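Heads up, the thing below is written out as structure tokens.
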Amino acid sequence: QVQLVESGGGLVQAGGSLRLSCAASGNVFSLSNMDWYRQAPGKQRELIARSTRGGKSAYSDSVKGRFTISRDNAKNTVFLQMDSLEPEDTAVYYCHLENFLFGKSEYWGQGTQVIVSS
């Protein structure tokens, strides 16, 4: 069983920055794909950034060029650096772990709220 704990959310003005962190328990982190999702009020949860176990990164168009995902396998932690924040970025941000060691397994964090004021 893997537990994911996010931190770093909060209230920020438009144009500002925040850095989210997600710490994973267990010993599968380095063998897993790590994602950041977000869910705005009244909207579906959307995938915004992925860090593969092979070290590649990918972003949704909505955050490309503004957000950066990174990971520290030694600390079992994935980060999301969010720059040039916009009010439209207001959402609950979730960390997601996916691996295929024994079939597909996935885990979610509890979410951290980000509010961007205009």
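Within each chain, counting starts at residue 1; across the structure tokens, chains are named A, B, ... in the order shown, with ligands numbered 1 upward in that order.
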Q | chain A: residues DSSP assigns to strand (DSSP E or B), reported as an MDAnalysis selection string | A | chainID A and resid 4:7 10:13 18:24 33:39 46:51 57:59 67:72 77:82 91:99 101 103 105:108 112:117
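Near Ala91 in chain A, within a cut-off of 9 Å and counting only C-alpha atoms, sit the residues Arg38, Gln39, Ala40, Pro41, Glu88, Thr112, Gln113, Val114, Ile115 and Val116 of chain A, with same-chain residues fewer than 3 positions away left out.
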Q | Atomic separation - CA of Met34 in chain A relative to CA of Lys104 in chain A, Å | A |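 Separation of CA of Lys104 in chain A and CA of Met34 in chain A: 13.5 Å.
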Q: Please identify all polymer residues within 9 Å of Ser84 in chain A, counting only C-alpha atoms, omitting same-chain residues fewer than 6 positions from it, and present them as a PyMOL selection string.
A: chain A and resi 14-17+66-67
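Among the candidates A:Leu31, A:Gln1, A:Gly10, A:Ser21, the residue lying nearest to Val78 in chain A is A:Ser21 (atoms considered: only C-alpha atoms).
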Q | Shell around Asn99 in chain A at 10 Å using only C-alpha atoms, local window under 6 positions removed, as a list in words | A |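 Here the qualifying residues turn out to be Val28, Phe29, Ser30, Leu31, Ser32, Asn33, Met34, Thr52, Arg53, Ser105, Glu106 and Tyr107 of chain A.
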Output of the above residues as an mmCIF file, in the first residue's frame, restricted to C-alpha atoms:
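That gives us result-v2.cif:
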data_model
loop_
_atom_site.group_PDB
_atom_site.id
_atom_site.type_symbol
_atom_site.label_atom_id
_atom_site.label_comp_id
_atom_site.auth_asym_id
_atom_site.auth_seq_id
_atom_site.Cartn_x
_atom_site.Cartn_y
_atom_site.Cartn_z
ATOM 1 C CA VAL A 28 7.897 1.721 -5.593
ATOM 2 C CA PHE A 29 8.278 5.443 -6.238
ATOM 3 C CA SER A 30 11.271 5.231 -8.568
ATOM 4 C CA LEU A 31 9.509 2.551 -10.629
ATOM 5 C CA SER A 32 6.325 4.569 -10.996
ATOM 6 C CA ASN A 33 4.859 7.242 -13.190
ATOM 7 C CA MET A 34 3.921 10.290 -11.153
ATOM 8 C CA THR A 52 7.535 8.984 -16.140
ATOM 9 C CA ARG A 53 9.727 6.474 -14.372
ATOM 10 C CA SER A 105 -1.757 -0.134 -9.443
ATOM 11 C CA GLU A 106 -2.624 3.466 -8.774
ATOM 12 C CA TYR A 107 -2.892 5.673 -5.733
#
Q | Option closest in space to Ser62 in chain A, from A:Leu97, A:Asp89, A:Tyr37, A:Lys75 [counting only C-alpha atoms] | A |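 Counting only C-alpha atoms, the residue closest to Ser62 in chain A is A:Asp89.
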Q: Between A:Phe79, A:Leu4, A:Ala23, A:Gly109, single out the one closest to Val92 in chain A, counting only C-alpha atoms.
A: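 Nearest candidate to Val92 in chain A out of A:Phe79, A:Leu4, A:Ala23, A:Gly109: A:Gly109.
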(Q) Residues of range 14-114 of chain A classed as helix (DSSP H, G or I) by DSSP on the backbone are to be reported as a PyMOL selection string. (A) chain A and resi 29-31+87-89
Those selected residues, please, written with C-alpha atoms and delivered as an mmCIF file, in the first residue's frame.
data_model
loop_
_atom_site.group_PDB
_atom_site.id
_atom_site.type_symbol
_atom_site.label_atom_id
_atom_site.label_comp_id
_atom_site.auth_asym_id
_atom_site.auth_seq_id
_atom_site.Cartn_x
_atom_site.Cartn_y
_atom_site.Cartn_z
ATOM 1 C CA PHE A 29 8.278 5.443 -6.238
ATOM 2 C CA SER A 30 11.271 5.231 -8.568
ATOM 3 C CA LEU A 31 9.509 2.551 -10.629
ATOM 4 C CA PRO A 87 -7.210 32.708 -11.544
ATOM 5 C CA GLU A 88 -8.131 29.832 -13.881
ATOM 6 C CA ASP A 89 -5.549 27.700 -12.079
#
Q: Work out how far CA of Glu86 in chain A is from CA of Lys43 in chain A, in Å to one decimal.
A: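 Between CA of Lys43 in chain A and CA of Glu86 in chain A the gap works out to 16.7 Å.
Candidate residues A:Met82, A:Lys56, A:Gly111, A:Ser51 were compared for distance to Val12 in chain A, and the nearest is A:Met82, using only C-alpha atoms.
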Q. Do you have the CA of Arg19 in chain A-CA of Ala74 in chain A distance handy?
A.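 CA of Ala74 in chain A lies 18.8 Å from CA of Arg19 in chain A.
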